[in-house]
Amino acid sequence: MTLRYPLVLFLLVMLPALALVWRWRGMRVSRAVLAVRLLLVTLLVLALANPVLGQAAPTPGTLVILLDQSDSLGDAGKAALRAQAEAFARNQGETAHILPFGLAPQADASAPLRADGTDIAAALHAARGLLGSSGRVVLLSDGAQTRGDALAAARALGVPIDTFAYTPSAPPELWVAAVEAPPTLRVGEEFAVTVVVGSNQAATAQLELFAGARQLATQNITLQPGDNRFTYHDRASTAGVARFQAMVNGQPDTFAQNNRGAATALVAPPPQVLLLEGASGGGAQLKSALRQAGIVADILPAERLPTRLSALDAYEGILLLDVPAGELSLDQMANLREFVRSEGRGLVVAGGRASFTLGAYQGTPLEEALPVSMEPPPRPERPPVTLLLIVDHSLSMGSSSEISKLDMAKESALLATDALRPDDRIGVLAFDDTQYWAVDFQVIGTGLRLGQVQEQIGAITLGGGTDICAALDLGLNTLAQQPGKVRHAVIMTDGQSFRNNRCGPYPALVERARAADITLSSIAIGADADTELLQNLARWGAGRYHFAAQPGDIPRLTLIESQIATTEPQIEGEFRAQLQAPHPLLRDFAPNQIPKLEGYVGTTLKPNAELVLKSPDNDPVLATWQYGLGRAVAWTPSATAPWAADWPNWPEYGRFWAQLVRYTLPEPDSGLLQVRATPHGDAITISADALAPSGEPIDLADTSAAITLPDGSARRIALRQTAPGHYEEQVTLPLEGPYGIAVTQQKDGSTHAAAVGYVLPPAAEYTPSGGGPGLLASISAATGGQVLPANASNTAPAVTGSAPAPRELWPWLLALAALLWPAEIAMRRGWLRLGAC
């Protein structure tokens, strides 16, 4: 017995409720009457389920022939399969059923058949209603399904399926295989659109590419068999959804339906970034270059970086230009770290003589966020270092407090002796308006004992005025006479020199030292120091400038200078960066396009970081990584001088830096109003999810979508709210091609907007594909059917067997219910007593 409408049995779940009503809700029927009533209801429900004994027609000897009539067969293939199906049907006789199908089965012969697709799975589902207990299916097709899962449907059918594979001859065909564009763009961003044109033979054609209604390119192209790629460039100009359409026309060609392709890109407003510059500057040049590349940048001195993370909400990325850690507080560096890790925004750090290892990033929150560590790469052996400390002991270095600035400077000199190796040299020159050697140059561990060196440093006392120029003249000239390859000087002063012209201009003095490969750093102590002069001295001397706001900062800064000098992280000399691996950071840039560099800061790549460019010594030049929710990029040379002085003259300078910055930025489609387009065949569901800044859903808002069609026309629809904060509507798409969907939501005077693009592609039926015969063979193997050979006779395996006509039981069930009805009345009125209440 089988039930034709088994779902009706769910009505039986109402029996307990009926029993409660009849038994206890004031009616108080007897148990016997209650039982008869429930049996009566059960019989009526079973009758509605329409039970039958035996199998429904057709009989078990049914042969269902599924006949593919989709366009991929061509007219000749359709006719050949029709003839084959008719021959199979004649052999089987009256129990054979031919079911044509394309995108859907043709259940009604008078209805038109959609031939622009092949859904074998739908045809197999339709065959289920025609089969008997011992039926069989013959599938005639090229096997090129475009919708559904034929193999899964065949396994679920549960009967043998014989397959006959028709392999049509390949007609000449060319088609648009793909249009590739970035999914997201920013206004002003340059980008590439690639059109992939397929052909199964050599051909010539005309290719046209449109961005909206604007023709982006037209080109006569020569095609080779396979995929042919053509790339064009453009610049995003307007926020919203950019729609691209490509068309190819040429001969020989068979189907015109596949000669179009499309893509969309979501274009967001220009990004806004914060550019923090150190004492060496360079921000104005880079800001101008970024603006020309479509990025809006604000410049701040590094020390003015906000200490509250919320104050950075306006920026999607931050770029540091040669910023030492000493110019940032611990809170500011922690903000930079969380800006990337927790907020998911971007950070780009460019090098220079005051950054990375040279800028004392080691052990700071800033180092945590970067893809490189501040340990210089190991070298076989570093040469001995000669360090000169030029210490101001003028009267202003005293203090009314317990610890004077001079005391801190002397402690700095003592720490420097501990930081040097036994074969390094040190000298300490004290100056006010005169100079004397507190410690003559000597090798650590030789000459005076360490205790004697410390005694001499400790004997420095307060003096008179300040003569910086004379101190530099004596100190640097003496340092130039010392042996060694690495020679570095550090000057510490809190005042301004009153005899600046005694030894000639400062630049000439420092230039002579640089000619002897001497580097010079400076530490300005307190607000009275000549900070402009000391910054220039460090810049001219290829060193670092530090500002010590408190006397307690002096030893730390001096120790940093000593450690930098001993580790030698500054690598100078002309080189061309080498590509480690292709990466989106260098999209459209060949390594030989990138200008040469003059130096970089030595660092070590962290685990899980990506090395993009490297030096000839395999040190990181350009590296990146995902840090928490955001991305960080390290560029170890400088952005301009000293190691990239000619880069601003490079025509691609702005695009290069804009590409580095854009890589770190969050996706522009993120926000509190999220829009999606979900396909359903030829229709889509446009849905929008809206949240308030608190995270609560926005309900009862006026929400609508403006849809731009491929032909440029527009229509507007309202979106219905179907769940908290969720709005949607289903739309049938009339045309193939790119659609722009802009959703606007209004509530309580505020308006929110978001957009998404969608492409309705041409029917896959018209794109050449392989694998059809293999799919048909898999169907036969999975179901125990046969693969019928192409040269087989016009017969299909016979389907034998018979079964009695089915016997419907619903009249008997109704008759029994009719007999029970008067019995129930008699029992309820007491005419027939079978039990008590």
# chains A, B, ... in the order shown; residues from 1 in each chain; ligands from 1
>>> select_by_dssp(residues="range 223-379 of chain A", states="strand (DSSP E)", output="MDAnalysis selection string")
chainID A and resid 223 226:235 240:251 260:268 272:277 296:301 317:321 346:351 372:373
>>> residues_around(residues="Leu12 in chain A", least_positions_apart="5", cutoff="10 Å", atoms="only C-alpha atoms", output="PDB file with all heavy atoms, in the first residue's frame")
ATOM      1  N   LEU A  38     -12.842   9.582  17.705  1.00  0.00           N
ATOM      2  CA  LEU A  38     -11.446   9.644  17.259  1.00  0.00           C
ATOM      3  C   LEU A  38     -11.203   8.689  16.094  1.00  0.00           C
ATOM      4  O   LEU A  38     -10.451   9.001  15.160  1.00  0.00           O
ATOM      5  CB  LEU A  38     -10.504   9.324  18.427  1.00  0.00           C
ATOM      6  CG  LEU A  38     -10.502  10.346  19.576  1.00  0.00           C
ATOM      7  CD1 LEU A  38      -9.555   9.894  20.679  1.00  0.00           C
ATOM      8  CD2 LEU A  38     -10.108  11.726  19.086  1.00  0.00           C
ATOM      9  N   VAL A  41     -12.547  10.368  12.941  1.00  0.00           N
ATOM     10  CA  VAL A  41     -11.631  11.389  12.417  1.00  0.00           C
ATOM     11  C   VAL A  41     -10.432  10.733  11.739  1.00  0.00           C
ATOM     12  O   VAL A  41      -9.975  11.163  10.671  1.00  0.00           O
ATOM     13  CB  VAL A  41     -11.177  12.331  13.545  1.00  0.00           C
ATOM     14  CG1 VAL A  41     -10.087  13.288  13.037  1.00  0.00           C
ATOM     15  CG2 VAL A  41     -12.358  13.113  14.088  1.00  0.00           C
ATOM     16  N   THR A  42      -9.914   9.672  12.337  1.00  0.00           N
ATOM     17  CA  THR A  42      -8.761   8.975  11.754  1.00  0.00           C
ATOM     18  C   THR A  42      -9.106   8.421  10.374  1.00  0.00           C
ATOM     19  O   THR A  42      -8.305   8.513   9.425  1.00  0.00           O
ATOM     20  CB  THR A  42      -8.287   7.859  12.684  1.00  0.00           C
ATOM     21  OG1 THR A  42      -7.951   8.420  13.959  1.00  0.00           O
ATOM     22  CG2 THR A  42      -7.068   7.157  12.115  1.00  0.00           C
ATOM     23  N   VAL A  45      -9.102  11.251   7.801  1.00  0.00           N
ATOM     24  CA  VAL A  45      -7.746  11.693   7.444  1.00  0.00           C
ATOM     25  C   VAL A  45      -7.089  10.680   6.519  1.00  0.00           C
ATOM     26  O   VAL A  45      -6.440  11.040   5.516  1.00  0.00           O
ATOM     27  CB  VAL A  45      -6.906  11.919   8.710  1.00  0.00           C
ATOM     28  CG1 VAL A  45      -5.443  12.168   8.348  1.00  0.00           C
ATOM     29  CG2 VAL A  45      -7.461  13.096   9.512  1.00  0.00           C
ATOM     30  N   LEU A  46      -7.248   9.381   6.822  1.00  0.00           N
ATOM     31  CA  LEU A  46      -6.661   8.355   5.953  1.00  0.00           C
ATOM     32  C   LEU A  46      -7.276   8.398   4.563  1.00  0.00           C
ATOM     33  O   LEU A  46      -6.586   8.180   3.553  1.00  0.00           O
ATOM     34  CB  LEU A  46      -6.850   6.976   6.574  1.00  0.00           C
ATOM     35  CG  LEU A  46      -6.013   6.685   7.835  1.00  0.00           C
ATOM     36  CD1 LEU A  46      -6.407   5.334   8.430  1.00  0.00           C
ATOM     37  CD2 LEU A  46      -4.535   6.695   7.493  1.00  0.00           C
TER      38      LEU A  46
END
>>> residues_around(residues="Val490 in chain A", least_positions_apart="3", cutoff="6 Å", atoms="only C-alpha atoms", output="list in words")
Leu389, Leu520, Ser521 and Ser522 of chain A
>>> closest_residue(among="A:Ala127, A:Leu319, A:Val759, A:Leu20", to="Val179 in chain A", atoms="only C-alpha atoms")
A:Val759
>>> closest_residue(among="A:Ala413, A:Ile491, A:Met374, A:Ile444", to="Leu605 in chain A", atoms="only C-alpha atoms")
A:Met374
>>> closest_residue(among="A:Gly143, A:Pro762, A:Gly351, A:Pro697", to="Thr163 in chain A", atoms="only C-alpha atoms")
A:Gly143
>>> residues_around(residues="range 209-216 of chain A", least_positions_apart="3", cutoff="9 Å", atoms="only C-alpha atoms", output="PDB file with N, CA and C atoms, in the first residue's frame")
ATOM      1  N   VAL A 195      40.116  41.665 -20.023  1.00  0.00           N
ATOM      2  CA  VAL A 195      39.075  40.938 -20.742  1.00  0.00           C
ATOM      3  C   VAL A 195      39.700  39.653 -21.267  1.00  0.00           C
ATOM      4  N   GLN A 219      39.388  47.782 -29.911  1.00  0.00           N
ATOM      5  CA  GLN A 219      40.635  47.245 -30.442  1.00  0.00           C
ATOM      6  C   GLN A 219      40.339  46.078 -31.371  1.00  0.00           C
ATOM      7  N   TYR A 232      43.402  46.667 -19.943  1.00  0.00           N
ATOM      8  CA  TYR A 232      43.235  48.101 -20.157  1.00  0.00           C
ATOM      9  C   TYR A 232      43.245  48.796 -18.797  1.00  0.00           C
ATOM     10  N   HIS A 233      43.657  50.064 -18.791  1.00  0.00           N
ATOM     11  CA  HIS A 233      43.799  50.806 -17.531  1.00  0.00           C
ATOM     12  C   HIS A 233      42.861  51.999 -17.506  1.00  0.00           C
ATOM     13  N   ASP A 234      42.424  52.329 -16.306  1.00  0.00           N
ATOM     14  CA  ASP A 234      41.519  53.462 -16.120  1.00  0.00           C
ATOM     15  C   ASP A 234      41.720  53.987 -14.705  1.00  0.00           C
ATOM     16  N   ALA A 242      30.877  50.833 -10.213  1.00  0.00           N
ATOM     17  CA  ALA A 242      31.381  50.930 -11.580  1.00  0.00           C
ATOM     18  C   ALA A 242      31.001  49.658 -12.333  1.00  0.00           C
ATOM     19  N   ARG A 243      30.411  49.834 -13.538  1.00  0.00           N
ATOM     20  CA  ARG A 243      29.935  48.694 -14.329  1.00  0.00           C
ATOM     21  C   ARG A 243      30.740  48.615 -15.620  1.00  0.00           C
ATOM     22  N   PHE A 244      31.310  47.458 -15.861  1.00  0.00           N
ATOM     23  CA  PHE A 244      32.135  47.238 -17.047  1.00  0.00           C
ATOM     24  C   PHE A 244      31.481  46.174 -17.928  1.00  0.00           C
ATOM     25  N   GLN A 245      31.434  46.455 -19.239  1.00  0.00           N
ATOM     26  CA  GLN A 245      30.887  45.500 -20.200  1.00  0.00           C
ATOM     27  C   GLN A 245      31.866  45.360 -21.358  1.00  0.00           C
ATOM     28  N   ALA A 246      32.115  44.128 -21.750  1.00  0.00           N
ATOM     29  CA  ALA A 246      32.987  43.847 -22.887  1.00  0.00           C
ATOM     30  C   ALA A 246      32.174  43.126 -23.954  1.00  0.00           C
ATOM     31  N   MET A 247      32.426  43.468 -25.215  1.00  0.00           N
ATOM     32  CA  MET A 247      31.747  42.839 -26.347  1.00  0.00           C
ATOM     33  C   MET A 247      32.779  42.475 -27.397  1.00  0.00           C
ATOM     34  N   VAL A 248      32.647  41.298 -27.964  1.00  0.00           N
ATOM     35  CA  VAL A 248      33.555  40.844 -29.008  1.00  0.00           C
ATOM     36  C   VAL A 248      32.724  40.417 -30.214  1.00  0.00           C
ATOM     37  N   PRO A 710      21.828  47.084 -17.065  1.00  0.00           N
ATOM     38  CA  PRO A 710      22.958  47.111 -18.002  1.00  0.00           C
ATOM     39  C   PRO A 710      22.821  48.131 -19.123  1.00  0.00           C
ATOM     40  N   ASP A 711      21.566  48.450 -19.519  1.00  0.00           N
ATOM     41  CA  ASP A 711      21.398  49.427 -20.601  1.00  0.00           C
ATOM     42  C   ASP A 711      21.395  50.857 -20.103  1.00  0.00           C
ATOM     43  N   GLY A 712      21.635  51.070 -18.806  1.00  0.00           N
ATOM     44  CA  GLY A 712      21.702  52.410 -18.244  1.00  0.00           C
ATOM     45  C   GLY A 712      20.403  52.910 -17.659  1.00  0.00           C
TER      46      GLY A 712
END
>>> select_by_dssp(residues="range 61-107 of chain A", states="helix (DSSP H, G or I)", output="list of chain:residue names")
A:Asp71, A:Ser72, A:Leu73, A:Gly74, A:Asp75, A:Ala76, A:Gly77, A:Lys78, A:Ala79, A:Ala80, A:Leu81, A:Arg82, A:Ala83, A:Gln84, A:Ala85, A:Glu86, A:Ala87, A:Phe88, A:Ala89, A:Arg90, A:Asn91, A:Gln92
>>> write_last_selection(atoms="N, CA, C and O atoms", output="mmCIF file, in the first residue's frame")
data_model
loop_
_atom_site.group_PDB
_atom_site.id
_atom_site.type_symbol
_atom_site.label_atom_id
_atom_site.label_comp_id
_atom_site.auth_asym_id
_atom_site.auth_seq_id
_atom_site.Cartn_x
_atom_site.Cartn_y
_atom_site.Cartn_z
ATOM 1 N N ASP A 71 20.471 24.063 -26.526
ATOM 2 C CA ASP A 71 21.131 24.682 -27.674
ATOM 3 C C ASP A 71 22.568 24.233 -27.864
ATOM 4 O O ASP A 71 23.120 24.374 -28.964
ATOM 5 N N SER A 72 23.211 23.707 -26.810
ATOM 6 C CA SER A 72 24.609 23.293 -26.973
ATOM 7 C C SER A 72 24.756 22.145 -27.965
ATOM 8 O O SER A 72 25.842 21.904 -28.486
ATOM 9 N N LEU A 73 23.652 21.431 -28.256
ATOM 10 C CA LEU A 73 23.705 20.321 -29.217
ATOM 11 C C LEU A 73 23.762 20.810 -30.654
ATOM 12 O O LEU A 73 24.229 20.086 -31.547
ATOM 13 N N GLY A 74 23.267 22.001 -30.889
ATOM 14 C CA GLY A 74 23.130 22.446 -32.269
ATOM 15 C C GLY A 74 21.908 21.792 -32.908
ATOM 16 O O GLY A 74 21.344 20.816 -32.402
ATOM 17 N N ASP A 75 21.490 22.332 -34.044
ATOM 18 C CA ASP A 75 20.302 21.787 -34.705
ATOM 19 C C ASP A 75 20.504 20.334 -35.116
ATOM 20 O O ASP A 75 19.594 19.502 -34.971
ATOM 21 N N ALA A 76 21.688 20.000 -35.602
ATOM 22 C CA ALA A 76 21.935 18.623 -36.038
ATOM 23 C C ALA A 76 21.912 17.671 -34.851
ATOM 24 O O ALA A 76 21.371 16.554 -34.931
ATOM 25 N N GLY A 77 22.477 18.075 -33.732
ATOM 26 C CA GLY A 77 22.483 17.223 -32.553
ATOM 27 C C GLY A 77 21.092 17.009 -31.993
ATOM 28 O O GLY A 77 20.737 15.903 -31.562
ATOM 29 N N LYS A 78 20.270 18.072 -31.974
ATOM 30 C CA LYS A 78 18.890 17.910 -31.504
ATOM 31 C C LYS A 78 18.136 16.896 -32.354
ATOM 32 O O LYS A 78 17.432 16.027 -31.833
ATOM 33 N N ALA A 79 18.287 17.014 -33.670
ATOM 34 C CA ALA A 79 17.573 16.099 -34.564
ATOM 35 C C ALA A 79 18.061 14.668 -34.394
ATOM 36 O O ALA A 79 17.263 13.717 -34.385
ATOM 37 N N ALA A 80 19.363 14.476 -34.244
ATOM 38 C CA ALA A 80 19.906 13.129 -34.088
ATOM 39 C C ALA A 80 19.388 12.471 -32.814
ATOM 40 O O ALA A 80 19.032 11.288 -32.804
ATOM 41 N N LEU A 81 19.340 13.230 -31.702
ATOM 42 C CA LEU A 81 18.848 12.650 -30.454
ATOM 43 C C LEU A 81 17.346 12.399 -30.502
ATOM 44 O O LEU A 81 16.853 11.427 -29.907
ATOM 45 N N ARG A 82 16.602 13.268 -31.197
ATOM 46 C CA ARG A 82 15.173 13.002 -31.337
ATOM 47 C C ARG A 82 14.932 11.688 -32.065
ATOM 48 O O ARG A 82 14.085 10.865 -31.673
ATOM 49 N N ALA A 83 15.680 11.460 -33.143
ATOM 50 C CA ALA A 83 15.519 10.221 -33.899
ATOM 51 C C ALA A 83 15.891 9.016 -33.049
ATOM 52 O O ALA A 83 15.230 7.965 -33.085
ATOM 53 N N GLN A 84 16.940 9.126 -32.269
ATOM 54 C CA GLN A 84 17.358 8.034 -31.405
ATOM 55 C C GLN A 84 16.295 7.737 -30.349
ATOM 56 O O GLN A 84 15.975 6.577 -30.073
ATOM 57 N N ALA A 85 15.709 8.798 -29.763
ATOM 58 C CA ALA A 85 14.680 8.613 -28.745
ATOM 59 C C ALA A 85 13.441 7.944 -29.334
ATOM 60 O O ALA A 85 12.829 7.064 -28.706
ATOM 61 N N GLU A 86 13.032 8.368 -30.528
ATOM 62 C CA GLU A 86 11.861 7.769 -31.159
ATOM 63 C C GLU A 86 12.094 6.291 -31.464
ATOM 64 O O GLU A 86 11.187 5.459 -31.325
ATOM 65 N N ALA A 87 13.316 5.942 -31.843
ATOM 66 C CA ALA A 87 13.624 4.535 -32.104
ATOM 67 C C ALA A 87 13.552 3.723 -30.816
ATOM 68 O O ALA A 87 13.015 2.607 -30.794
ATOM 69 N N PHE A 88 14.092 4.250 -29.725
ATOM 70 C CA PHE A 88 14.000 3.549 -28.446
ATOM 71 C C PHE A 88 12.535 3.373 -28.038
ATOM 72 O O PHE A 88 12.127 2.333 -27.527
ATOM 73 N N ALA A 89 11.690 4.396 -28.257
ATOM 74 C CA ALA A 89 10.290 4.320 -27.875
ATOM 75 C C ALA A 89 9.535 3.285 -28.691
ATOM 76 O O ALA A 89 8.687 2.556 -28.156
ATOM 77 N N ARG A 90 9.820 3.205 -29.988
ATOM 78 C CA ARG A 90 9.152 2.199 -30.818
ATOM 79 C C ARG A 90 9.489 0.796 -30.337
ATOM 80 O O ARG A 90 8.650 -0.099 -30.321
ATOM 81 N N ASN A 91 10.704 0.597 -29.926
ATOM 82 C CA ASN A 91 11.114 -0.720 -29.461
ATOM 83 C C ASN A 91 10.405 -1.115 -28.169
ATOM 84 O O ASN A 91 10.075 -2.274 -27.951
ATOM 85 N N GLN A 92 10.132 -0.146 -27.301
ATOM 86 C CA GLN A 92 9.499 -0.443 -26.017
ATOM 87 C C GLN A 92 7.984 -0.550 -26.120
ATOM 88 O O GLN A 92 7.353 -1.296 -25.390
#
>>> closest_residue(among="A:Arg353, A:Pro505, A:Leu476, A:Leu305", to="Gln332 in chain A", atoms="only C-alpha atoms")
A:Leu305
>>> atom_distance(atom1="CA of Trp643 in chain A", atom2="CA of Gln292 in chain A")
23.1 Å
>>> residues_around(residues="range 339-349 of chain A", least_positions_apart="6", cutoff="7 Å", atoms="only C-alpha atoms", output="PyMOL selection string")
chain A and resi 316-321+627-635+661+664-666
>>> residues_around(residues="Asp699 in chain A", least_positions_apart="6", cutoff="8 Å", atoms="only C-alpha atoms", output="PDB file with C-alpha atoms, in the first residue's frame")
ATOM      1  CA  GLN A 721      11.466  44.249   6.610  1.00  0.00           C
ATOM      2  CA  PRO A 724      15.023  42.627  13.051  1.00  0.00           C
ATOM      3  CA  GLY A 725      17.220  44.994  11.052  1.00  0.00           C
ATOM      4  CA  HIS A 726      16.795  42.873   7.894  1.00  0.00           C
TER       5      HIS A 726
END
>>> closest_residue(among="A:Ala683, A:Val241, A:Ala126, A:Ile518", to="Leu735 in chain A", atoms="only C-alpha atoms")
A:Ala683
>>> atom_distance(atom1="CA of Leu672 in chain A", atom2="CA of Ala742 in chain A")
14.7 Å
>>> residues_around(residues="Gly464 in chain A", least_positions_apart="2", cutoff="9 Å", atoms="only C-alpha atoms", output="PyMOL selection string")
chain A and resi 393-396+432-434+462+466
>>> atom_distance(atom1="CA of Gln69 in chain A", atom2="CA of Ala203 in chain A")
28.9 Å
>>> closest_residue(among="A:Ile571, A:Thr254, A:Ser713, A:Asp142", to="Phe164 in chain A", atoms="only C-alpha atoms")
A:Asp142
